[in-house]
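Report on the following structure.
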Amino acid sequence: MDVKKIVVIVEDVEIAKTALQWTLHNLLRYGDILILLHVFPITKSRSKKKLKILRLKGFQLALSFYDLCKKFLNTKTEIVVTQGDQDGGKIADVVREIGVSTVVAGLHDQSFLYSVPEVNPPKIPYQVCPDPHSIIWRSGKSRRWET
């Protein structure tokens, strides 16, 4: 069995936690690595203190997601907090760098997914999950979903 790396996007919206719970119940298998990824916005301010506060808030948010993961036995969880753009470019860079097989994000009104330009064919194929509030991006072979 191949070990998969699954990224869940950490945002300060309830639907992001719903996406994490969906992942824990429906997607994560024994041995898989779950990566909680939070990207905080680039600021125009040169203040290192502001940057430090944004990074700390992002890490605290990711830790609240980590607490949900601890309820599942044998869950290997990592946290990545980084600074980047609001259009998903940084997320795509991190996903490529880590070599992730699946990305899960909660879909909401302010989601970065709405700013991803349409490309034919899409660079990252995606599949809408049975839960209409979740979406999965996948870069590997597709798996059949049992419903």
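So you can find residues: chains in the structure tokens are A, B, ... in the order shown, residues in each start at 1, and ligands are numbered from 1 in order.
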Within 9 Å of Asp85 (chain A), counting only C-alpha atoms, which residues show up once you throw out same-chain ones fewer than 6 positions away? Write them as a PDB file with C-alpha atoms, in the first residue's frame, please.
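Produced file around_9.pdb, reproduced below:
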```
ATOM      1  CA  VAL A  39      -1.074  30.387   3.995  1.00  0.00           C
ATOM      2  CA  PHE A  40      -1.275  33.817   5.582  1.00  0.00           C
ATOM      3  CA  PRO A  41      -1.443  36.914   3.339  1.00  0.00           C
ATOM      4  CA  ILE A  42       1.485  38.981   2.159  1.00  0.00           C
ATOM      5  CA  ILE A  91      -0.627  26.555  -2.175  1.00  0.00           C
TER       6      ILE A  91
END
```
Looking only at alpha helix (DSSP H) from DSSP on the backbone, list the matching residues of region 1-125 of chain A as a PyMOL selection string.
-> chain A and resi 14-26+48-70+89-98
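These are the residues of region 4-35 of chain A assigned strand (DSSP E) by DSSP from backbone coordinates: Lys5, Ile6, Val7, Val8, Ile9, Ile33, Leu34 and Ile35 of chain A.
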Take the residues just selected and output them with C-alpha atoms as a CSV table (one decimal), in the first residue's frame.
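Once everything was written out, this is out04.csv:
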```
chain,number,residue,atom,x,y,z
A,5,LYS,CA,0.4,12.7,1.4
A,6,ILE,CA,-2.9,14.6,1.9
A,7,VAL,CA,-3.0,18.4,2.4
A,8,VAL,CA,-6.0,20.1,4.1
A,9,ILE,CA,-6.1,23.8,3.6
A,33,ILE,CA,0.4,11.6,6.1
A,34,LEU,CA,-2.0,14.5,6.7
A,35,ILE,CA,-0.5,17.9,6.2
```
From the list A:Lys17, A:Lys50, A:Lys4, A:Arg96, the nearest residue to Tyr66 (chain A) using only C-alpha atoms is A:Lys17
Neighbours of Lys71 (chain A) within 12 Å (only C-alpha atoms; same-chain residues fewer than 5 positions away dropped), as a list in words?
-> Gln21, Leu24, His25, Phe65, Tyr66, Lys76 and Thr77 of chain A
CA of Phe59 (chain A) to CA of His38 (chain A): how many Å, to one decimal?
->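 Going from CA of Phe59 (chain A) over to CA of His38 (chain A) covers 7.7 Å.
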Among the residues A:Val10, A:Leu56, A:Leu73, A:Leu61, the one that comes closest to Tyr30 (chain A) [using only C-alpha atoms] | A:Leu73
Counting only C-alpha atoms, closest pick from A:Gly88, A:Thr23, A:Val100, A:Asp12 relative to Gly58 (chain A) is A:Asp12
From A:Ala19, A:Leu54, A:Val95, A:Leu36, residue lying nearest Glu78 (chain A) [only C-alpha atoms] =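 Result for the nearest residue to Glu78 (chain A): A:Leu36.
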For Arg29 (chain A), the nearest of the candidates A:Glu97, A:Asp67, A:Asp87, A:Asp2, counting only C-alpha atoms |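 Closest to Arg29 (chain A), using only C-alpha atoms: A:Asp2.
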Separation of CA of Thr75 (chain A) from CA of Asp32 (chain A) in Å = 7.6 Å
Nearest to Thr102 (chain A): which of A:Leu27, A:Leu20, A:Glu11, A:Thr82 is it, counting only C-alpha atoms?
->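 That would be A:Leu27, the residue with the smallest distance to Thr102 (chain A).
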